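Asker: One structure is given below, represented as structure tokens, and several questions about it will come after.
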Amino acid sequence: MTETVTLTIDNQEITVPEGTTILGAAAELGIDIPVICYHPHLTANGLCRICSVDAGQRVQVAACVTACQDGMEIETNNTAVQRGRRTNLELLSSTVNLEEAPEILELVETYQANGKRFPNSHKRTAPIYDDNPFYIRDYNQCVNCWRCVQVCADDAQYAFALSFDGRGFHTQIGTFMADGMMDTTCVFCGQCVGVCPTGALKPKRQSLLEDGVDPDAIFQQTRGGRKKKGTQS
Ligand code: SF4
Ligand code: FES
């Protein structure tokens with residue numbers, strides 16, 4: 001028989017099977033907790049911390065990876081939680097180009113995050129990789145959510161073409177030995193592009209269309225893998 005645990009979330013009692021995450025239990029109650037790195041079809045890694053909630057402990061816990069426990073009293077949107085989310089979004093806005101991340105921009109609006117709160121900050125800069133006929137990688141827009149890595153690995157494709165590159169502030173997604181994508185184990189399934197929450201991974205055809213390139217020329221480029229101007233392999 002499945003063991004269950006009973007807790008309250010925003011003063012509503014709920015009983016769920018042991019192992020259910022706070023995010024999952026909240027969803028059952030119709031309570032929406034914001035997420036960035038979490039994706040329902042991928043392994044949760046608890047990286048972005050935007051889903052942090054108050055469980056009455058010394059520090060807030062990430063709802064997407066924390067299992068419900070008997071007797072927990074969770075608050076998902078109190079003042080401390082809101083302040084934490086605002087600061088998280090302010091840090092993100094100050095270091096990453098979020099122009100093509102509509103869901104994150106909506107959170108910035110909701111939590112009234114001030115992207116200019118840290119005047120001495122600077123955006124992370126990275127080359128734009130246009131090294132294959134199918135998609136472009138612009139890690140200036142990457143929030144390091146790890147979704148693309150997960151979907152490329154044992155959550156779906158088992159290609160393991162993506163990993164990380166760099167250290168600390170300069171950590172970004174990359175390929176083994178920084179190889180161009182054509183030299184990796186990538187099978188160009190497109191699943192990484194599909195799960196990316198920002199404009200960091202974009203179909204090449206979309207990118208060229210946005211640049212006003214003629215559809216016939218796009219057909220040629222995306223068949224032959226020719227590069228866009230200003231990008232590198
Ligand atoms: S490229 Fe996209 S999916 Fe991959 S880590 Fe960056 S933001 Fe996430
Ligand atoms: S959504 Fe939970 S840590 Fe990112």
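Every chain in the structure tokens has a letter given in the order shown (A, B, ...), and although residue numbers restart at 1 in each chain, ligands are simply numbered from 1 in the order shown.
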Which residues are near Thr8 (chain A)? Cut-off 8 Å, only C-alpha atoms, ignore same chain within fewer than 5 positions. Put them as a list in words.
Answerer: Glu13, Ile14, Gly71, Met72, Glu73 and Ile74 of chain A
Asker: Got a sec: who's within 10 Å of Thr198 (chain A), counting only C-alpha atoms, leaving out chain neighbours fewer than 6 positions off, as a compact mmCIF listing (two decimals) with N, CA and C atoms, in the first residue's frame?
Answerer:
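Output saved as selection.txt:
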# COMPACT_ATOMS: atom_id res chain seq x y z
N ILE A 36 11.44 27.92 -13.64
CA ILE A 36 12.26 28.26 -14.82
C ILE A 36 12.99 27.01 -15.29
N ASN A 97 20.79 38.17 -21.17
CA ASN A 97 19.87 38.81 -22.08
C ASN A 97 18.57 38.00 -22.12
N LEU A 98 17.51 38.59 -21.55
CA LEU A 98 16.24 37.86 -21.44
C LEU A 98 15.20 38.32 -22.47
N GLU A 99 15.68 39.06 -23.48
CA GLU A 99 14.74 39.64 -24.45
C GLU A 99 13.81 38.63 -25.09
N GLU A 100 14.31 37.41 -25.28
CA GLU A 100 13.49 36.39 -25.96
C GLU A 100 13.08 35.28 -24.99
N ALA A 101 12.83 35.67 -23.76
CA ALA A 101 12.39 34.70 -22.75
C ALA A 101 11.07 35.20 -22.15
N PRO A 102 9.96 35.08 -22.91
CA PRO A 102 8.70 35.69 -22.48
C PRO A 102 8.20 35.24 -21.12
N GLU A 103 8.38 33.95 -20.82
CA GLU A 103 7.86 33.48 -19.53
C GLU A 103 8.64 34.09 -18.36
N ILE A 104 9.95 34.26 -18.57
CA ILE A 104 10.75 34.84 -17.48
C ILE A 104 10.45 36.34 -17.38
N ASP A 138 22.89 30.74 -29.00
CA ASP A 138 23.30 32.07 -28.52
C ASP A 138 23.29 32.04 -26.99
N TYR A 139 24.44 31.70 -26.42
CA TYR A 139 24.49 31.52 -24.97
C TYR A 139 24.48 32.84 -24.19
N GLN A 141 21.91 34.36 -24.16
CA GLN A 141 20.52 34.29 -23.70
C GLN A 141 20.26 33.06 -22.82
N CYS A 142 21.30 32.38 -22.46
CA CYS A 142 21.13 31.12 -21.72
C CYS A 142 21.06 31.37 -20.21
N VAL A 143 20.08 30.75 -19.56
CA VAL A 143 19.94 30.89 -18.12
C VAL A 143 20.47 29.66 -17.38
N CYS A 145 19.62 26.61 -17.41
CA CYS A 145 18.58 25.82 -16.75
C CYS A 145 18.83 24.31 -16.84
Asker: Report the residues of region 59-233 of chain A whose backbone DSSP state falls under alpha helix (DSSP H), written as a VMD selection string.
Answerer: chain A and resid 79 to 95 102 to 110 147 to 152 191 to 195 204 to 210 215 to 224
Asker: Near Cys51 (chain A), within 6 Å and counting only C-alpha atoms, which residues show up once chain neighbours fewer than 6 positions away are dropped, as a PyMOL selection string?
Answerer: chain A and resi 33-35+62-63
Asker: To one decimal in Å, tell me the separation between CA of Gly84 (chain A) and CA of Asn11 (chain A).
Answerer: 20.8 Å
Asker: Check which residues fall inside 12 Å of ligand 2 when counting only C-alpha atoms and all ligand atoms, and print them as a PyMOL selection string.
Answerer: chain A and resi 21-24+32-40+42-53+60-66+85+88-89+104+143-147+197
Asker: Please save N, CA and C atoms of the selected residues as a tab-separated table (two decimals), in the first residue's frame.
Answerer:
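In the end it all went to part.tsv:
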chain	number	residue	atom	x	y	z
A	21	THR	N	6.36	15.88	-4.80
A	21	THR	CA	7.04	17.16	-4.53
A	21	THR	C	6.03	18.21	-4.08
A	22	ILE	N	6.57	19.24	-3.46
A	22	ILE	CA	5.71	20.36	-3.04
A	22	ILE	C	5.07	20.99	-4.28
A	23	LEU	N	5.84	21.06	-5.36
A	23	LEU	CA	5.30	21.63	-6.60
A	23	LEU	C	4.10	20.82	-7.09
A	24	GLY	N	4.25	19.49	-7.04
A	24	GLY	CA	3.17	18.62	-7.49
A	24	GLY	C	1.94	18.73	-6.61
A	32	ASP	N	-0.32	27.87	-8.14
A	32	ASP	CA	0.70	27.99	-9.17
A	32	ASP	C	2.00	28.49	-8.56
A	33	ILE	N	3.05	27.69	-8.67
A	33	ILE	CA	4.38	28.10	-8.20
A	33	ILE	C	5.24	28.32	-9.44
A	34	PRO	N	5.90	29.48	-9.56
A	34	PRO	CA	6.67	29.74	-10.79
A	34	PRO	C	7.87	28.80	-10.92
A	35	VAL	N	8.21	28.48	-12.15
A	35	VAL	CA	9.39	27.64	-12.42
A	35	VAL	C	10.17	28.24	-13.59
A	36	ILE	N	11.44	27.92	-13.64
A	36	ILE	CA	12.26	28.26	-14.82
A	36	ILE	C	12.99	27.01	-15.29
A	37	CYS	N	13.79	26.41	-14.42
A	37	CYS	CA	14.56	25.24	-14.87
A	37	CYS	C	13.70	23.98	-14.94
A	38	TYR	N	12.65	23.92	-14.17
A	38	TYR	CA	11.80	22.72	-14.15
A	38	TYR	C	11.03	22.57	-15.46
A	39	HIS	N	10.94	21.32	-15.94
A	39	HIS	CA	10.09	20.99	-17.08
A	39	HIS	C	9.41	19.67	-16.74
A	40	PRO	N	8.11	19.56	-16.96
A	40	PRO	CA	7.39	18.37	-16.48
A	40	PRO	C	7.90	17.05	-17.04
A	42	LEU	N	11.14	16.37	-17.75
A	42	LEU	CA	12.58	16.21	-17.54
A	42	LEU	C	12.89	16.04	-16.06
A	43	THR	N	14.06	15.48	-15.79
A	43	THR	CA	14.50	15.34	-14.40
A	43	THR	C	14.70	16.73	-13.80
A	44	ALA	N	14.13	16.94	-12.63
A	44	ALA	CA	14.29	18.24	-11.96
A	44	ALA	C	15.63	18.29	-11.25
A	45	ASN	N	16.33	19.40	-11.38
A	45	ASN	CA	17.64	19.53	-10.75
A	45	ASN	C	17.70	20.62	-9.69
A	46	GLY	N	16.64	21.40	-9.56
A	46	GLY	CA	16.62	22.44	-8.51
A	46	GLY	C	17.68	23.51	-8.71
A	47	LEU	N	17.86	23.95	-9.93
A	47	LEU	CA	18.97	24.87	-10.22
A	47	LEU	C	18.62	26.34	-10.07
A	48	CYS	N	17.47	26.75	-10.55
A	48	CYS	CA	17.21	28.20	-10.64
A	48	CYS	C	16.68	28.80	-9.33
A	49	ARG	N	16.04	28.00	-8.51
A	49	ARG	CA	15.49	28.36	-7.20
A	49	ARG	C	14.32	29.36	-7.26
A	50	ILE	N	13.77	29.58	-8.43
A	50	ILE	CA	12.65	30.52	-8.50
A	50	ILE	C	11.40	29.91	-7.83
A	51	CYS	N	11.37	28.59	-7.70
A	51	CYS	CA	10.20	27.92	-7.12
A	51	CYS	C	10.31	27.81	-5.60
A	52	SER	N	11.31	28.48	-5.01
A	52	SER	CA	11.51	28.36	-3.56
A	52	SER	C	10.28	28.80	-2.78
A	53	VAL	N	9.98	28.02	-1.75
A	53	VAL	CA	8.82	28.32	-0.89
A	53	VAL	C	9.26	28.27	0.57
A	60	GLN	N	14.63	28.73	2.60
A	60	GLN	CA	13.50	28.29	1.77
A	60	GLN	C	13.91	27.04	0.99
A	61	VAL	N	12.92	26.27	0.56
A	61	VAL	CA	13.23	25.03	-0.17
A	61	VAL	C	12.68	25.12	-1.59
A	62	ALA	N	13.37	24.46	-2.51
A	62	ALA	CA	12.94	24.45	-3.91
A	62	ALA	C	11.78	23.46	-4.06
A	63	ALA	N	10.62	23.97	-4.44
A	63	ALA	CA	9.41	23.15	-4.48
A	63	ALA	C	9.49	22.03	-5.53
A	64	CYS	N	10.31	22.23	-6.56
A	64	CYS	CA	10.34	21.22	-7.65
A	64	CYS	C	11.13	19.98	-7.28
A	65	VAL	N	11.96	20.07	-6.26
A	65	VAL	CA	12.78	18.89	-5.89
A	65	VAL	C	12.57	18.46	-4.43
A	66	THR	N	11.76	19.18	-3.69
A	66	THR	CA	11.57	18.84	-2.27
A	66	THR	C	10.29	18.02	-2.09
A	85	ARG	N	12.22	35.75	-4.74
A	85	ARG	CA	12.00	35.61	-6.19
A	85	ARG	C	12.40	36.90	-6.91
A	88	ASN	N	16.17	37.03	-7.08
A	88	ASN	CA	16.61	36.01	-8.05
A	88	ASN	C	16.46	36.56	-9.47
A	89	LEU	N	15.30	37.15	-9.76
A	89	LEU	CA	15.04	37.67	-11.11
A	89	LEU	C	15.90	38.90	-11.41
A	104	ILE	N	9.95	34.26	-18.57
A	104	ILE	CA	10.75	34.84	-17.48
A	104	ILE	C	10.45	36.34	-17.38
A	143	VAL	N	20.08	30.75	-19.56
A	143	VAL	CA	19.94	30.89	-18.12
A	143	VAL	C	20.47	29.66	-17.38
A	144	ASN	N	21.20	28.83	-18.10
A	144	ASN	CA	21.80	27.62	-17.50
A	144	ASN	C	20.76	26.75	-16.77
A	145	CYS	N	19.62	26.61	-17.41
A	145	CYS	CA	18.58	25.82	-16.75
A	145	CYS	C	18.83	24.31	-16.84
A	146	TRP	N	19.68	23.92	-17.79
A	146	TRP	CA	20.10	22.52	-17.93
A	146	TRP	C	19.07	21.65	-18.64
A	147	ARG	N	17.95	22.26	-19.09
A	147	ARG	CA	16.91	21.45	-19.75
A	147	ARG	C	17.46	20.79	-21.02
A	197	PRO	N	13.79	27.57	-22.62
A	197	PRO	CA	12.81	28.60	-22.25
A	197	PRO	C	13.19	30.01	-22.72
